[in-house]
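Colleague: Dropping in my_file18.cif, with mmCIF, C-alpha atoms, pLDDT in the B column; chains and numbers go by the auth columns.
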```cif
data_work
#
loop_
_atom_site.group_PDB
_atom_site.id
_atom_site.type_symbol
_atom_site.label_atom_id
_atom_site.label_comp_id
_atom_site.label_asym_id
_atom_site.label_seq_id
_atom_site.Cartn_x
_atom_site.Cartn_y
_atom_site.Cartn_z
_atom_site.B_iso_or_equiv
_atom_site.auth_seq_id
_atom_site.auth_asym_id
ATOM 1 C CA GLU A 1 -25.694 18.422 -1.074 64.00 533 A
ATOM 2 C CA ARG A 2 -27.902 20.381 -3.488 75.00 534 A
ATOM 3 C CA ASP A 3 -28.655 18.749 -6.832 79.00 535 A
ATOM 4 C CA PRO A 4 -26.290 20.481 -9.314 81.00 536 A
ATOM 5 C CA ALA A 5 -28.876 20.079 -12.089 81.00 537 A
ATOM 6 C CA ILE A 6 -31.140 22.538 -10.246 83.00 538 A
ATOM 7 C CA ASP A 7 -28.348 25.122 -10.132 82.00 539 A
ATOM 8 C CA VAL A 8 -27.581 24.650 -13.834 83.00 540 A
ATOM 9 C CA LEU A 9 -31.228 25.198 -14.765 82.00 541 A
ATOM 10 C CA ALA A 10 -31.337 28.254 -12.518 83.00 542 A
ATOM 11 C CA ASP A 11 -28.226 30.088 -13.737 85.00 543 A
ATOM 12 C CA GLY A 12 -27.311 28.342 -17.016 84.00 544 A
ATOM 13 C CA ASN A 13 -23.683 27.833 -15.966 87.00 545 A
ATOM 14 C CA ILE A 14 -21.494 24.744 -15.831 89.00 546 A
ATOM 15 C CA HIS A 15 -21.170 23.349 -12.298 85.00 547 A
ATOM 16 C CA ARG A 16 -18.505 21.137 -10.758 85.00 548 A
ATOM 17 C CA PRO A 17 -18.459 19.301 -7.421 83.00 549 A
ATOM 18 C CA LYS A 18 -17.516 21.278 -4.312 81.00 550 A
ATOM 19 C CA ARG A 19 -16.736 18.082 -2.411 82.00 551 A
ATOM 20 C CA GLN A 20 -15.349 14.713 -3.505 81.00 552 A
ATOM 21 C CA PRO A 21 -18.358 12.707 -4.795 85.00 553 A
ATOM 22 C CA LEU A 22 -18.468 8.915 -4.604 85.00 554 A
ATOM 23 C CA LEU A 23 -20.360 6.653 -6.976 84.00 555 A
ATOM 24 C CA GLN A 24 -21.613 3.424 -5.425 84.00 556 A
ATOM 25 C CA ALA A 25 -21.212 0.381 -7.653 81.00 557 A
ATOM 26 C CA SER A 26 -23.630 -2.555 -7.688 83.00 558 A
ATOM 27 C CA ASP A 27 -21.329 -4.534 -5.358 82.00 559 A
ATOM 28 C CA GLY A 28 -21.310 -1.702 -2.833 83.00 560 A
ATOM 29 C CA THR A 29 -17.849 -0.435 -3.740 81.00 561 A
ATOM 30 C CA GLU A 30 -17.512 3.345 -3.593 86.00 562 A
ATOM 31 C CA VAL A 31 -15.700 4.843 -6.589 86.00 563 A
ATOM 32 C CA PRO A 32 -14.365 8.428 -6.533 87.00 564 A
ATOM 33 C CA ILE A 33 -15.519 10.430 -9.550 86.00 565 A
ATOM 34 C CA TYR A 34 -15.223 13.933 -10.999 88.00 566 A
ATOM 35 C CA TYR A 35 -18.038 15.477 -12.996 87.00 567 A
ATOM 36 C CA ASN A 36 -19.252 18.500 -14.937 88.00 568 A
ATOM 37 C CA VAL A 37 -22.939 19.424 -15.205 90.00 569 A
ATOM 38 C CA GLY A 38 -23.915 21.800 -17.992 89.00 570 A
ATOM 39 C CA PRO A 39 -27.029 23.118 -19.716 88.00 571 A
ATOM 40 C CA ILE A 40 -28.575 21.778 -22.928 90.00 572 A
ATOM 41 C CA ARG A 41 -29.937 24.622 -25.083 88.00 573 A
ATOM 42 C CA ASP A 42 -31.947 24.692 -28.275 85.00 574 A
ATOM 43 C CA ALA A 43 -31.125 26.818 -31.324 86.00 575 A
ATOM 44 C CA LYS A 44 -32.656 29.852 -29.643 83.00 576 A
ATOM 45 C CA GLY A 45 -30.628 29.390 -26.450 82.00 577 A
ATOM 46 C CA LYS A 46 -33.543 28.170 -24.383 85.00 578 A
ATOM 47 C CA HIS A 47 -32.794 25.584 -21.716 80.00 579 A
ATOM 48 C CA GLN A 48 -33.977 22.118 -22.685 83.00 580 A
ATOM 49 C CA GLY A 49 -32.281 20.148 -19.903 88.00 581 A
ATOM 50 C CA VAL A 50 -28.899 19.342 -18.423 89.00 582 A
ATOM 51 C CA VAL A 51 -26.097 16.920 -19.228 90.00 583 A
ATOM 52 C CA LEU A 52 -23.748 15.342 -16.677 87.00 584 A
ATOM 53 C CA VAL A 53 -20.382 13.932 -17.693 89.00 585 A
ATOM 54 C CA PHE A 54 -18.277 12.135 -15.098 88.00 586 A
ATOM 55 C CA ARG A 55 -15.125 10.045 -15.022 89.00 587 A
ATOM 56 C CA ASP A 56 -13.624 7.539 -12.621 90.00 588 A
ATOM 57 C CA ILE A 57 -10.616 9.097 -10.858 88.00 589 A
ATOM 58 C CA THR A 58 -9.633 6.033 -8.803 85.00 590 A
ATOM 59 C CA GLU A 59 -6.199 5.820 -10.412 86.00 591 A
ATOM 60 C CA ARG A 60 -5.553 9.523 -9.875 89.00 592 A
ATOM 61 C CA LYS A 61 -6.495 9.247 -6.200 86.00 593 A
ATOM 62 C CA ARG A 62 -4.309 6.166 -5.883 83.00 594 A
ATOM 63 C CA ALA A 63 -1.369 8.027 -7.403 85.00 595 A
ATOM 64 C CA GLU A 64 -1.935 10.938 -5.020 88.00 596 A
ATOM 65 C CA ARG A 65 -1.939 8.613 -2.021 85.00 597 A
ATOM 66 C CA LEU A 66 1.214 6.918 -3.261 82.00 598 A
ATOM 67 C CA GLN A 67 2.989 10.239 -3.784 87.00 599 A
ATOM 68 C CA SER A 68 1.992 11.388 -0.311 89.00 600 A
ATOM 69 C CA THR A 69 3.276 8.125 1.161 85.00 601 A
ATOM 70 C CA LEU A 70 6.607 8.474 -0.635 84.00 602 A
ATOM 71 C CA TYR A 71 7.045 12.025 0.656 90.00 603 A
ATOM 72 C CA ARG A 72 6.268 10.907 4.203 91.00 604 A
ATOM 73 C CA ILE A 73 8.764 8.041 4.011 86.00 605 A
ATOM 74 C CA ALA A 74 11.428 10.364 2.593 87.00 606 A
ATOM 75 C CA ASP A 75 10.795 12.764 5.465 90.00 607 A
ATOM 76 C CA ALA A 76 11.061 9.899 7.954 88.00 608 A
ATOM 77 C CA VAL A 77 14.428 8.861 6.492 85.00 609 A
ATOM 78 C CA THR A 78 15.864 12.348 6.902 87.00 610 A
ATOM 79 C CA SER A 79 14.397 13.117 10.333 88.00 611 A
ATOM 80 C CA ALA A 80 14.529 9.812 12.242 85.00 612 A
ATOM 81 C CA ILE A 81 17.027 9.842 15.108 88.00 613 A
ATOM 82 C CA ASP A 82 17.974 6.167 14.642 88.00 614 A
ATOM 83 C CA LEU A 83 17.021 3.089 12.635 86.00 615 A
ATOM 84 C CA ASN A 84 14.609 1.780 15.248 86.00 616 A
ATOM 85 C CA SER A 85 12.543 4.960 15.171 88.00 617 A
ATOM 86 C CA LEU A 86 12.726 4.969 11.346 88.00 618 A
ATOM 87 C CA TYR A 87 11.338 1.431 11.156 87.00 619 A
ATOM 88 C CA ALA A 88 8.463 2.336 13.482 88.00 620 A
ATOM 89 C CA ARG A 89 7.591 5.450 11.464 89.00 621 A
ATOM 90 C CA VAL A 90 7.651 3.521 8.175 87.00 622 A
ATOM 91 C CA HIS A 91 5.331 0.941 9.741 87.00 623 A
ATOM 92 C CA ALA A 92 2.892 3.665 10.780 88.00 624 A
ATOM 93 C CA ILE A 93 2.985 5.226 7.304 88.00 625 A
ATOM 94 C CA ILE A 94 2.370 1.886 5.576 83.00 626 A
ATOM 95 C CA ASN A 95 -0.462 1.152 8.002 82.00 627 A
ATOM 96 C CA ASP A 96 -2.173 4.371 6.849 82.00 628 A
ATOM 97 C CA LEU A 97 -1.967 3.118 3.271 78.00 629 A
ATOM 98 C CA LEU A 98 -3.244 -0.436 3.782 75.00 630 A
ATOM 99 C CA PRO A 99 -4.039 -2.902 6.584 72.00 631 A
ATOM 100 C CA ALA A 100 -0.557 -3.517 8.012 74.00 632 A
ATOM 101 C CA ARG A 101 -0.944 -4.153 11.721 77.00 633 A
ATOM 102 C CA ASP A 102 1.362 -7.169 11.310 82.00 634 A
ATOM 103 C CA PHE A 103 4.505 -5.886 9.644 84.00 635 A
ATOM 104 C CA TYR A 104 8.192 -6.732 9.513 84.00 636 A
ATOM 105 C CA LEU A 105 11.413 -5.818 7.780 86.00 637 A
ATOM 106 C CA ALA A 106 13.892 -8.494 6.717 86.00 638 A
ATOM 107 C CA LEU A 107 17.514 -8.025 5.679 85.00 639 A
ATOM 108 C CA CYS A 108 19.896 -10.594 4.264 82.00 640 A
ATOM 109 C CA ASP A 109 23.615 -10.645 3.536 81.00 641 A
ATOM 110 C CA PRO A 110 24.758 -10.254 -0.104 77.00 642 A
ATOM 111 C CA ALA A 111 25.502 -13.976 -0.414 80.00 643 A
ATOM 112 C CA GLN A 112 22.011 -14.834 0.902 82.00 644 A
ATOM 113 C CA THR A 113 23.338 -17.173 3.588 87.00 645 A
ATOM 114 C CA SER A 114 21.421 -15.628 6.477 88.00 646 A
ATOM 115 C CA ILE A 115 18.404 -13.399 7.059 88.00 647 A
ATOM 116 C CA ARG A 116 17.531 -11.183 10.025 85.00 648 A
ATOM 117 C CA PHE A 117 14.536 -9.145 11.097 87.00 649 A
ATOM 118 C CA PRO A 118 15.478 -5.758 12.613 87.00 650 A
ATOM 119 C CA TYR A 119 11.770 -4.878 12.986 88.00 651 A
ATOM 120 C CA PHE A 120 9.053 -7.439 13.601 86.00 652 A
ATOM 121 C CA VAL A 121 5.439 -6.957 14.743 83.00 653 A
ATOM 122 C CA ASP A 122 3.067 -9.938 14.574 76.00 654 A
ATOM 123 C CA GLN A 123 0.043 -10.358 16.819 70.00 655 A
ATOM 124 C CA PHE A 124 -0.119 -14.108 16.131 65.00 656 A
ATOM 125 C CA ASP A 125 3.497 -15.289 16.032 63.00 657 A
ATOM 126 C CA GLY A 126 5.263 -12.610 18.023 58.00 658 A
ATOM 127 C CA SER A 127 4.385 -9.446 19.814 58.00 659 A
ATOM 128 C CA ILE A 128 2.267 -6.375 19.133 58.00 660 A
ATOM 129 C CA GLN A 129 5.341 -4.423 20.199 64.00 661 A
ATOM 130 C CA PRO A 130 8.329 -4.214 17.820 69.00 662 A
ATOM 131 C CA GLU A 131 10.874 -6.985 18.243 68.00 663 A
ATOM 132 C CA ILE A 132 14.296 -7.710 16.779 74.00 664 A
ATOM 133 C CA ILE A 133 14.593 -11.311 15.553 77.00 665 A
ATOM 134 C CA ASP A 134 18.046 -12.897 15.594 81.00 666 A
ATOM 135 C CA PRO A 135 19.551 -13.983 12.247 86.00 667 A
ATOM 136 C CA ARG A 136 18.577 -17.370 10.869 88.00 668 A
ATOM 137 C CA PRO A 137 19.960 -19.370 7.925 92.00 669 A
ATOM 138 C CA PHE A 138 18.553 -18.258 4.578 89.00 670 A
ATOM 139 C CA GLY A 139 15.879 -20.866 3.925 89.00 671 A
ATOM 140 C CA ARG A 140 12.654 -21.405 1.967 90.00 672 A
ATOM 141 C CA GLY A 141 10.249 -19.079 3.771 88.00 673 A
ATOM 142 C CA MET A 142 8.009 -16.634 1.937 87.00 674 A
ATOM 143 C CA THR A 143 10.409 -13.793 2.725 86.00 675 A
ATOM 144 C CA GLU A 144 13.317 -15.633 1.111 89.00 676 A
ATOM 145 C CA TYR A 145 11.106 -16.510 -1.870 90.00 677 A
ATOM 146 C CA LEU A 146 10.322 -12.815 -2.376 88.00 678 A
ATOM 147 C CA ILE A 147 13.973 -11.776 -2.045 86.00 679 A
ATOM 148 C CA GLN A 148 15.119 -14.353 -4.584 85.00 680 A
ATOM 149 C CA ASN A 149 12.478 -13.268 -7.104 86.00 681 A
ATOM 150 C CA GLY A 150 12.907 -9.546 -6.402 84.00 682 A
ATOM 151 C CA ILE A 151 9.297 -8.629 -7.107 84.00 683 A
ATOM 152 C CA THR A 152 6.277 -7.385 -5.166 85.00 684 A
ATOM 153 C CA LEU A 153 3.967 -10.248 -4.184 85.00 685 A
ATOM 154 C CA LEU A 154 0.366 -10.301 -2.976 86.00 686 A
ATOM 155 C CA LEU A 155 -0.671 -13.888 -2.291 85.00 687 A
ATOM 156 C CA GLY A 156 -3.793 -15.396 -0.769 85.00 688 A
ATOM 157 C CA ARG A 157 -3.982 -18.428 1.524 87.00 689 A
ATOM 158 C CA GLY A 158 -4.745 -20.771 -1.370 90.00 690 A
ATOM 159 C CA THR A 159 -1.699 -19.680 -3.374 91.00 691 A
ATOM 160 C CA LEU A 160 0.534 -19.974 -0.308 91.00 692 A
ATOM 161 C CA LEU A 161 -0.673 -23.555 0.237 93.00 693 A
ATOM 162 C CA THR A 162 -0.084 -24.379 -3.443 94.00 694 A
ATOM 163 C CA LEU A 163 3.463 -23.016 -3.321 93.00 695 A
ATOM 164 C CA ALA A 164 4.116 -25.048 -0.196 93.00 696 A
ATOM 165 C CA GLU A 165 2.726 -28.230 -1.792 94.00 697 A
ATOM 166 C CA GLN A 166 4.958 -27.639 -4.828 94.00 698 A
ATOM 167 C CA GLY A 167 7.995 -27.332 -2.567 92.00 699 A
ATOM 168 C CA GLU A 168 8.615 -23.717 -3.533 92.00 700 A
ATOM 169 C CA ILE A 169 8.244 -22.410 0.020 91.00 701 A
ATOM 170 C CA GLU A 170 8.059 -23.589 3.605 91.00 702 A
ATOM 171 C CA ILE A 171 5.247 -22.044 5.647 87.00 703 A
ATOM 172 C CA ILE A 172 6.678 -20.658 8.869 82.00 704 A
ATOM 173 C CA GLY A 173 4.297 -19.632 11.631 80.00 705 A
ATOM 174 C CA THR A 174 0.563 -19.013 11.329 80.00 706 A
ATOM 175 C CA LEU A 175 -0.818 -19.290 7.791 81.00 707 A
ATOM 176 C CA PRO A 176 -2.320 -15.869 6.941 80.00 708 A
ATOM 177 C CA GLN A 177 -5.368 -15.071 4.834 79.00 709 A
ATOM 178 C CA PHE A 178 -3.075 -13.057 2.580 80.00 710 A
ATOM 179 C CA TRP A 179 0.583 -12.090 2.432 83.00 711 A
ATOM 180 C CA LEU A 180 1.989 -8.921 0.872 84.00 712 A
ATOM 181 C CA GLY A 181 5.655 -8.134 0.478 85.00 713 A
ATOM 182 C CA ALA A 182 7.981 -5.971 -1.591 84.00 714 A
ATOM 183 C CA PRO A 183 11.764 -5.984 -2.078 84.00 715 A
ATOM 184 C CA LEU A 184 13.905 -3.219 -0.631 79.00 716 A
ATOM 185 C CA ARG A 185 16.170 -1.533 -3.152 71.00 717 A
ATOM 186 C CA ASN A 186 19.150 0.780 -2.933 66.00 718 A
ATOM 187 C CA ALA A 187 19.344 4.319 -4.319 74.00 719 A
ATOM 188 C CA SER A 188 20.182 3.077 -7.836 72.00 720 A
ATOM 189 C CA GLY A 189 17.100 0.867 -7.916 68.00 721 A
ATOM 190 C CA ALA A 190 19.014 -2.397 -7.625 58.00 722 A
ATOM 191 C CA CYS A 191 17.632 -5.080 -5.326 61.00 723 A
ATOM 192 C CA ILE A 192 19.914 -5.366 -2.300 61.00 724 A
ATOM 193 C CA GLY A 193 18.666 -8.788 -1.295 55.00 725 A
ATOM 194 C CA ALA A 194 16.342 -7.488 1.429 52.00 726 A
ATOM 195 C CA GLY A 195 12.592 -7.729 1.737 55.00 727 A
ATOM 196 C CA VAL A 196 9.727 -5.927 3.426 56.00 728 A
ATOM 197 C CA GLY A 197 6.692 -8.013 4.112 59.00 729 A
ATOM 198 C CA VAL A 198 3.152 -7.546 5.373 56.00 730 A
ATOM 199 C CA GLY A 199 1.206 -10.536 6.613 57.00 731 A
ATOM 200 C CA ALA A 200 -2.407 -10.268 7.800 55.00 732 A
ATOM 201 C CA HIS A 201 -4.720 -12.764 9.436 49.00 733 A
ATOM 202 C CA ALA A 202 -8.096 -11.128 8.773 47.00 734 A
ATOM 203 C CA GLY A 203 -10.496 -11.143 5.800 43.00 735 A
ATOM 204 C CA LEU A 204 -9.167 -7.938 4.264 44.00 736 A
ATOM 205 C CA PHE A 205 -7.819 -9.321 0.996 42.00 737 A
ATOM 206 C CA ARG A 206 -9.901 -7.105 -1.327 43.00 738 A
ATOM 207 C CA SER A 207 -8.972 -3.786 0.288 44.00 739 A
ATOM 208 C CA THR A 208 -5.331 -4.831 0.555 44.00 740 A
ATOM 209 C CA ALA A 209 -5.263 -5.936 -3.085 46.00 741 A
ATOM 210 C CA ALA A 210 -6.392 -2.472 -4.117 46.00 742 A
ATOM 211 C CA ALA A 211 -3.835 -0.708 -1.962 46.00 743 A
ATOM 212 C CA GLY A 212 -1.150 -3.309 -2.584 47.00 744 A
ATOM 213 C CA ALA A 213 -0.870 -2.214 -6.212 45.00 745 A
ATOM 214 C CA MET A 214 0.718 0.967 -4.882 45.00 746 A
ATOM 215 C CA TRP A 215 3.724 -1.009 -3.703 48.00 747 A
ATOM 216 C CA CYS A 216 4.775 -1.641 -7.311 45.00 748 A
ATOM 217 C CA VAL A 217 6.829 1.532 -7.573 43.00 749 A
ATOM 218 C CA PRO A 218 9.249 1.775 -10.520 40.00 750 A
ATOM 219 C CA PRO A 219 12.926 2.329 -9.607 38.00 751 A
ATOM 220 C CA GLY A 220 13.607 6.036 -9.325 39.00 752 A
ATOM 221 C CA ARG A 221 10.139 6.876 -7.961 40.00 753 A
ATOM 222 C CA ALA A 222 11.095 5.621 -4.544 39.00 754 A
ATOM 223 C CA THR A 223 14.295 4.180 -3.188 39.00 755 A
ATOM 224 C CA SER A 224 15.229 2.668 0.131 43.00 756 A
ATOM 225 C CA SER A 225 18.769 2.630 1.404 41.00 757 A
ATOM 226 C CA VAL A 226 18.902 0.396 4.443 40.00 758 A
ATOM 227 C CA ARG A 227 22.138 -0.102 6.327 42.00 759 A
ATOM 228 C CA PRO A 228 22.838 -2.633 9.079 39.00 760 A
ATOM 229 C CA ALA A 229 22.227 -1.118 12.498 38.00 761 A
ATOM 230 C CA THR A 230 25.260 0.245 14.295 38.00 762 A
ATOM 231 C CA SER A 231 26.013 0.289 17.985 34.00 763 A
ATOM 232 C CA ALA A 232 24.175 3.590 18.205 34.00 764 A
ATOM 233 C CA SER A 233 20.921 1.778 17.408 34.00 765 A
ATOM 234 C CA ARG A 234 21.330 -1.040 19.950 30.00 766 A
ATOM 235 C CA THR A 235 21.651 -4.177 17.882 29.00 767 A
ATOM 236 C CA ARG A 236 21.237 -7.592 19.367 30.00 768 A
#
```
Rewrite the structure of this file - the entire thing - as structure tokens.

Modeller:
Amino acid sequence: ERDPAIDVLADGNIHRPKRQPLLQASDGTEVPIYYNVGPIRDAKGKHQGVVLVFRDITERKRAERLQSTLYRIADAVTSAIDLNSLYARVHAIINDLLPARDFYLALCDPAQTSIRFPYFVDQFDGSIQPEIIDPRPFGRGMTEYLIQNGITLLLGRGTLLTLAEQGEIEIIGTLPQFWLGAPLRNASGACIGAGVGVGAHAGLFRSTAAAGAMWCVPPGRATSSVRPATSASRTR
């Protein structure tokens, strides 16, 4: 792309980017920016140079991606023909937002005596195709830990091991490099005792940490009303 400073010196006008520019940080991270380039003039109006002012718009871009994701999920809720197709569409939407090839939904009863998994995809401990996991007693797994605390969690392997050593959780299945989960809430924003979790087994912690912040959505910005599957959705 043409150097905007050349255009400013040629026509004396303020120029803005025509495409989204990226600024590369010293660690190689690409940061989206927005800038203005304008002329510097002396007292007689003669061009003396140019000045470029830019700002980091990472948070704005993150908010735009989050808003787009919320709209897509809302559309999926209203257009899905059944719960199974809804779960699959939500998985695909989340996977566009962050690395979520391994993804599951967990629901528990109000008394937190049992937990079930109406949608489960795990390349290490299950299948790459969606499965329905039968209910199990509510125990001390990471999913139950998230549900009891009612907050979004992004935990690395080291933290998971520490929690297990402290007796806070029981590690079930393959220990991932990182684990990301968020509680499901009803339309009023109250936690309904259900959890959505993402586990990954690859070295993608940094990119997931950046995207995982988007899961912390205040009540009212996004709500999820999940009902137990009926006979129309083929429970088992």

Colleague: Please report the interatomic distance between atom CA of Gly705 of chain A and atom CA of Pro669 of chain A in Å with one decimal.

Modeller: 16.1 Å

Colleague: Evaluate the PyMOL selection byres ((chain A and resi 696-702) around 7) against this structure - the residues, as a VMD selection string, please.

Modeller: chain A and resid 672 to 674 677 692 to 695 703 to 704

Colleague: Is there a way to get, as a list in words, all residues within 9 Å of the point (19.5, -9.7, 9.3) in file coordinates, counting all atoms listed in the file?

Modeller: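 Neighbouring residues, ordered by chain and number, come to Ala638, Leu639, Cys640, Asp641, Ser646, Ile647, Arg648, Phe649, Pro650, Ile665, Asp666, Pro667, Arg668, Ala726 and Pro760 of chain A.
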
Colleague: Tell me, in Å to one decimal, how far atom CA of Arg551 of chain A is from atom CA of Tyr566 of chain A.

Modeller: 9.7 Å

Colleague: Show me, as a PyMOL selection string, the residues that have an atom within 12 Å of Val540 of chain A when counting all atoms listed in the file, minus same-chain residues fewer than 2 positions from it.

Modeller: chain A and resi 534-538+542-548+568-573+579-584

Colleague: Considering all atoms listed in the file, can you say which of A:Ile679, A:Ala612, A:Ala595, A:Leu686 comes closest to Gln644 of chain A?

Modeller: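 Once distances to Gln644 of chain A are computed over all atoms listed in the file, the minimum belongs to A:Ile679.
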
Colleague: Name the closest residue to Trp711 of chain A among the candidates A:Pro631, A:Gly688, A:Gly671, A:Pro642; distances are taken between atoms, counting all atoms listed in the file.

Modeller: A:Gly688

Colleague: As an exercise, work out the distance from atom CA of Gln655 of chain A to atom CA of Ile605 of chain A in Å and give it to one decimal place.

Modeller: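 Computed distance, atom CA of Gln655 of chain A to atom CA of Ile605 of chain A, equals 24.1 Å.
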
Colleague: Name all residues at most 10 Å from Ile625 of chain A (count all atoms listed in the file; drop same-chain ones fewer than 2 positions away) and give them as a list in words.

Modeller: Ser600, Thr601, Leu602, Arg604, Ile605, Ala608, Tyr619, Ala620, Arg621, Val622, His623, Asn627, Asp628, Leu629, Leu630 and Ala632 of chain A

Colleague: For Phe586 of chain A, which residue out of A:Leu555, A:Val609, A:Asp614, A:Ser720 is the nearest one, using all atoms listed in the file?

Modeller: A:Leu555
